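K.L.:
Before I ask anything, here is the structure I am working with.
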Amino acid sequence: MKIKADIIISRFQYSFLSVILFIILINSCTEEQGRPVPKKMMPEKDLASILYDLYLTDGILSVAEVRDRYSSLDSITAYLKIIENHGYTKEAMDLTLEYYFVKKPKRLIRIYDNILGKLSEIDMRLSNIPFDEYSPENNKWPGLPSYTFPDPSGRENPGFSIPLNSQGYYTIAFTITVYPFDQTVNPCFSAWFCSADSSETGKKYFLPSIKYIRDGLPHTYTVTGNNDKNYPVLFKGSLFDCENNPDCGERYGRIERIRFSFSPGV
């Protein structure tokens, strides 16, 4: 699935006030008794970053395919997850928005204009990306063709373990979308090599990890390299890791167009 940025952007043009007012109104739904009201507002750059993610999420959830897939996730929950991902509480968001509404409304409008400018840049970038054709019969990926999270069934494991019995060059490529309301800790790609005879206890040779962006847009990554070991090894890792933290939070995203190839040779 590829979300059209122009659909999302057009949605934002009509949702600026509705999103902000919705954030303020849900205070009654999320108020916690006895919790102190924060006295310090968030910096403007953090407010702009949170609003950007909120508008992006509002546009993403307006796409029918996404809305149907994440029907169990309501807007309130998604918005709160985003605010918490940035390290703030709902009360801090309320206090900051109230200040800008009363004291700096023109500044709030400029923040909104800057957000629309960023989204327009994304639209231009996506429209210029050529469609990546590939031959399925040459794809040696051993897992599922795509993964969608959250996965209540627990069957969509993005981990992999691929045996390489000779020296040669490998390529693994995939497209991943991580939504702004994702709750994982440092979502990333991780991979390593280890001896096939001692995969659990032997030495691991780690590849550099790839940190993902929680922007709700598809990003394609390609990892290539040379296996120079003259004995059988396992190429292991995860397409959606959270730095081996078992309690990393719930994943919200999709991985698709996964390809793996290996060419024997020195």
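Residues are named by chain letter and number: chains run A, B, ... in the order of the structure tokens, numbers start at 1 in each chain, and ligands are numbered from 1 in the order shown.
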Let's see if you can do this: from backbone DSSP, list all strand (DSSP E or B) residues in region 152-264 of chain A, as a PyMOL selection string.
P.N.:
chain A and resi 159-164+168-178+188-195+205-206+210-211+219-227+233-241+253-264
K.L.:
Since we have the selection now, will you write its residues out, keeping C-alpha atoms, as a PDB file, in the first residue's frame?
P.N.:
ATOM      1  CA  GLY A 159      12.603 -11.586  11.968  1.00  0.00           C
ATOM      2  CA  PHE A 160      14.682 -13.600   9.524  1.00  0.00           C
ATOM      3  CA  SER A 161      17.390 -16.249   9.479  1.00  0.00           C
ATOM      4  CA  ILE A 162      18.847 -16.944   6.031  1.00  0.00           C
ATOM      5  CA  PRO A 163      21.596 -19.567   5.519  1.00  0.00           C
ATOM      6  CA  LEU A 164      24.523 -18.585   3.283  1.00  0.00           C
ATOM      7  CA  GLY A 168      29.205 -13.893  -2.152  1.00  0.00           C
ATOM      8  CA  TYR A 169      27.243 -10.672  -2.353  1.00  0.00           C
ATOM      9  CA  TYR A 170      23.855 -10.176  -0.733  1.00  0.00           C
ATOM     10  CA  THR A 171      21.120  -7.587  -1.093  1.00  0.00           C
ATOM     11  CA  ILE A 172      18.087  -7.094   1.102  1.00  0.00           C
ATOM     12  CA  ALA A 173      15.573  -4.360   0.263  1.00  0.00           C
ATOM     13  CA  PHE A 174      12.178  -3.425   1.676  1.00  0.00           C
ATOM     14  CA  THR A 175       9.695  -0.594   2.047  1.00  0.00           C
ATOM     15  CA  ILE A 176       8.506   0.253   5.535  1.00  0.00           C
ATOM     16  CA  THR A 177       5.901   2.685   6.835  1.00  0.00           C
ATOM     17  CA  VAL A 178       5.970   3.536  10.549  1.00  0.00           C
ATOM     18  CA  CYS A 188      15.013   0.091  13.417  1.00  0.00           C
ATOM     19  CA  PHE A 189      16.421  -2.545  11.066  1.00  0.00           C
ATOM     20  CA  SER A 190      18.999  -4.807  12.699  1.00  0.00           C
ATOM     21  CA  ALA A 191      21.036  -7.672  11.229  1.00  0.00           C
ATOM     22  CA  TRP A 192      24.117  -9.734  11.918  1.00  0.00           C
ATOM     23  CA  PHE A 193      26.127 -12.740  10.732  1.00  0.00           C
ATOM     24  CA  CYS A 194      27.055 -15.746  12.829  1.00  0.00           C
ATOM     25  CA  SER A 195      28.384 -19.236  12.269  1.00  0.00           C
ATOM     26  CA  TYR A 205      29.111  -9.688  13.340  1.00  0.00           C
ATOM     27  CA  PHE A 206      26.607  -6.825  13.383  1.00  0.00           C
ATOM     28  CA  ILE A 210      18.841   1.696  10.246  1.00  0.00           C
ATOM     29  CA  LYS A 211      16.712   4.031  12.362  1.00  0.00           C
ATOM     30  CA  HIS A 219      10.524   4.620   2.973  1.00  0.00           C
ATOM     31  CA  THR A 220      12.547   2.133   0.937  1.00  0.00           C
ATOM     32  CA  TYR A 221      15.877   0.824   2.228  1.00  0.00           C
ATOM     33  CA  THR A 222      18.482  -1.318   0.480  1.00  0.00           C
ATOM     34  CA  VAL A 223      21.296  -3.088   2.326  1.00  0.00           C
ATOM     35  CA  THR A 224      24.103  -4.683   0.343  1.00  0.00           C
ATOM     36  CA  GLY A 225      27.330  -6.334   1.343  1.00  0.00           C
ATOM     37  CA  ASN A 226      29.825  -9.133   0.889  1.00  0.00           C
ATOM     38  CA  ASN A 227      29.911 -12.335   2.887  1.00  0.00           C
ATOM     39  CA  VAL A 233      26.880 -18.675   8.113  1.00  0.00           C
ATOM     40  CA  LEU A 234      23.431 -17.421   9.018  1.00  0.00           C
ATOM     41  CA  PHE A 235      22.291 -13.951   8.041  1.00  0.00           C
ATOM     42  CA  LYS A 236      19.915 -13.045  10.890  1.00  0.00           C
ATOM     43  CA  GLY A 237      18.006  -9.998  12.036  1.00  0.00           C
ATOM     44  CA  SER A 238      14.691  -8.168  12.093  1.00  0.00           C
ATOM     45  CA  LEU A 239      12.992  -5.781   9.682  1.00  0.00           C
ATOM     46  CA  PHE A 240      11.180  -4.112  12.592  1.00  0.00           C
ATOM     47  CA  ASP A 241      13.378  -4.233  15.667  1.00  0.00           C
ATOM     48  CA  GLY A 253       3.328   0.086  10.656  1.00  0.00           C
ATOM     49  CA  ARG A 254       3.626  -1.962   7.507  1.00  0.00           C
ATOM     50  CA  ILE A 255       6.521  -3.637   5.678  1.00  0.00           C
ATOM     51  CA  GLU A 256       6.146  -4.554   2.016  1.00  0.00           C
ATOM     52  CA  ARG A 257       8.046  -5.153  -1.252  1.00  0.00           C
ATOM     53  CA  ILE A 258      10.637  -7.246   0.592  1.00  0.00           C
ATOM     54  CA  ARG A 259      13.402  -8.691  -1.594  1.00  0.00           C
ATOM     55  CA  PHE A 260      16.498 -10.743  -0.903  1.00  0.00           C
ATOM     56  CA  SER A 261      19.124 -11.945  -3.363  1.00  0.00           C
ATOM     57  CA  PHE A 262      22.515 -13.617  -3.069  1.00  0.00           C
ATOM     58  CA  SER A 263      25.205 -14.000  -5.755  1.00  0.00           C
ATOM     59  CA  PRO A 264      27.964 -16.529  -4.940  1.00  0.00           C
TER      60      PRO A 264
END
K.L.:
Per DSSP on the backbone, filter region 51-262 of chain A down to the residues in alpha helix (DSSP H) and report them as a ChimeraX atom specification.
P.N.:
/A:51-61,64-69,75-85,90-103,105-127
K.L.:
Within 12 Å of region 48-54 of chain A, counting only C-alpha atoms, which residues qualify if same-chain residues fewer than 5 places away don't, as a PyMOL selection string?
P.N.:
chain A and resi 8-9+12+15-20+22-23+42-43+59-61+75-90+92-93+96-97+100+107-119+178-182+213-217
K.L.:
Could you please take those selected residues and save C-alpha atoms as a short mmCIF file (atom, residue, chain, number, x, y, z; two decimals), in the first residue's frame?
P.N.:
data_model
loop_
_atom_site.label_atom_id
_atom_site.label_comp_id
_atom_site.auth_asym_id
_atom_site.auth_seq_id
_atom_site.Cartn_x
_atom_site.Cartn_y
_atom_site.Cartn_z
CA ILE A 8 -3.35 13.65 3.06
CA ILE A 9 -2.35 17.28 2.42
CA PHE A 12 -5.02 18.97 6.35
CA SER A 15 -8.54 20.09 9.59
CA PHE A 16 -6.28 22.67 11.23
CA LEU A 17 -8.82 24.06 13.68
CA SER A 18 -10.70 20.78 14.01
CA VAL A 19 -7.57 18.91 15.12
CA ILE A 20 -6.55 21.53 17.66
CA PHE A 22 -10.40 18.13 19.22
CA ILE A 23 -7.17 17.95 21.26
CA MET A 42 6.63 23.05 25.80
CA PRO A 43 9.11 24.86 23.50
CA GLY A 59 -4.71 12.71 7.20
CA ILE A 60 -3.48 9.10 7.35
CA LEU A 61 -6.51 7.92 9.33
CA SER A 75 -8.35 9.23 17.11
CA ILE A 76 -8.09 10.02 20.81
CA THR A 77 -5.74 7.10 21.44
CA ALA A 78 -3.63 7.93 18.39
CA TYR A 79 -3.27 11.59 19.38
CA LEU A 80 -2.32 10.75 22.95
CA LYS A 81 0.28 8.23 21.78
CA ILE A 82 1.90 10.90 19.61
CA ILE A 83 2.07 13.43 22.45
CA GLU A 84 3.58 10.79 24.74
CA ASN A 85 6.10 9.77 22.05
CA HIS A 86 7.45 13.31 22.23
CA GLY A 87 7.83 13.08 26.00
CA TYR A 88 4.90 15.31 27.00
CA THR A 89 1.54 14.91 28.68
CA LYS A 90 -1.89 15.87 27.42
CA ALA A 92 1.20 20.20 28.81
CA MET A 93 -0.24 20.21 25.29
CA THR A 96 0.70 25.37 25.39
CA LEU A 97 -2.15 25.49 22.87
CA TYR A 100 -0.86 30.33 21.61
CA ARG A 107 2.35 32.65 15.44
CA LEU A 108 0.17 29.54 15.56
CA ILE A 109 -0.96 30.23 12.00
CA ARG A 110 2.68 30.57 10.88
CA ILE A 111 3.44 27.21 12.48
CA TYR A 112 0.54 25.73 10.52
CA ASP A 113 1.81 27.30 7.28
CA ASN A 114 5.27 25.81 7.87
CA ILE A 115 3.71 22.38 8.38
CA LEU A 116 1.81 22.61 5.11
CA GLY A 117 5.07 23.63 3.40
CA LYS A 118 6.81 20.51 4.71
CA LEU A 119 3.93 18.31 3.56
CA VAL A 178 5.97 3.54 10.55
CA TYR A 179 3.05 5.63 11.77
CA PRO A 180 3.46 8.63 14.11
CA PHE A 181 1.45 6.87 16.83
CA ASP A 182 3.83 3.87 16.84
CA ILE A 213 11.14 7.64 10.76
CA ARG A 214 7.66 7.74 12.30
CA ASP A 215 6.06 9.90 9.63
CA GLY A 216 3.41 7.56 8.22
CA LEU A 217 5.03 7.58 4.77
#
K.L.:
Enter the distance from CA of Ser198 (chain A) to CA of Ser166 (chain A), in Å, rounded to one decimal.
P.N.:
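These two atoms are separated by 16.6 Å.
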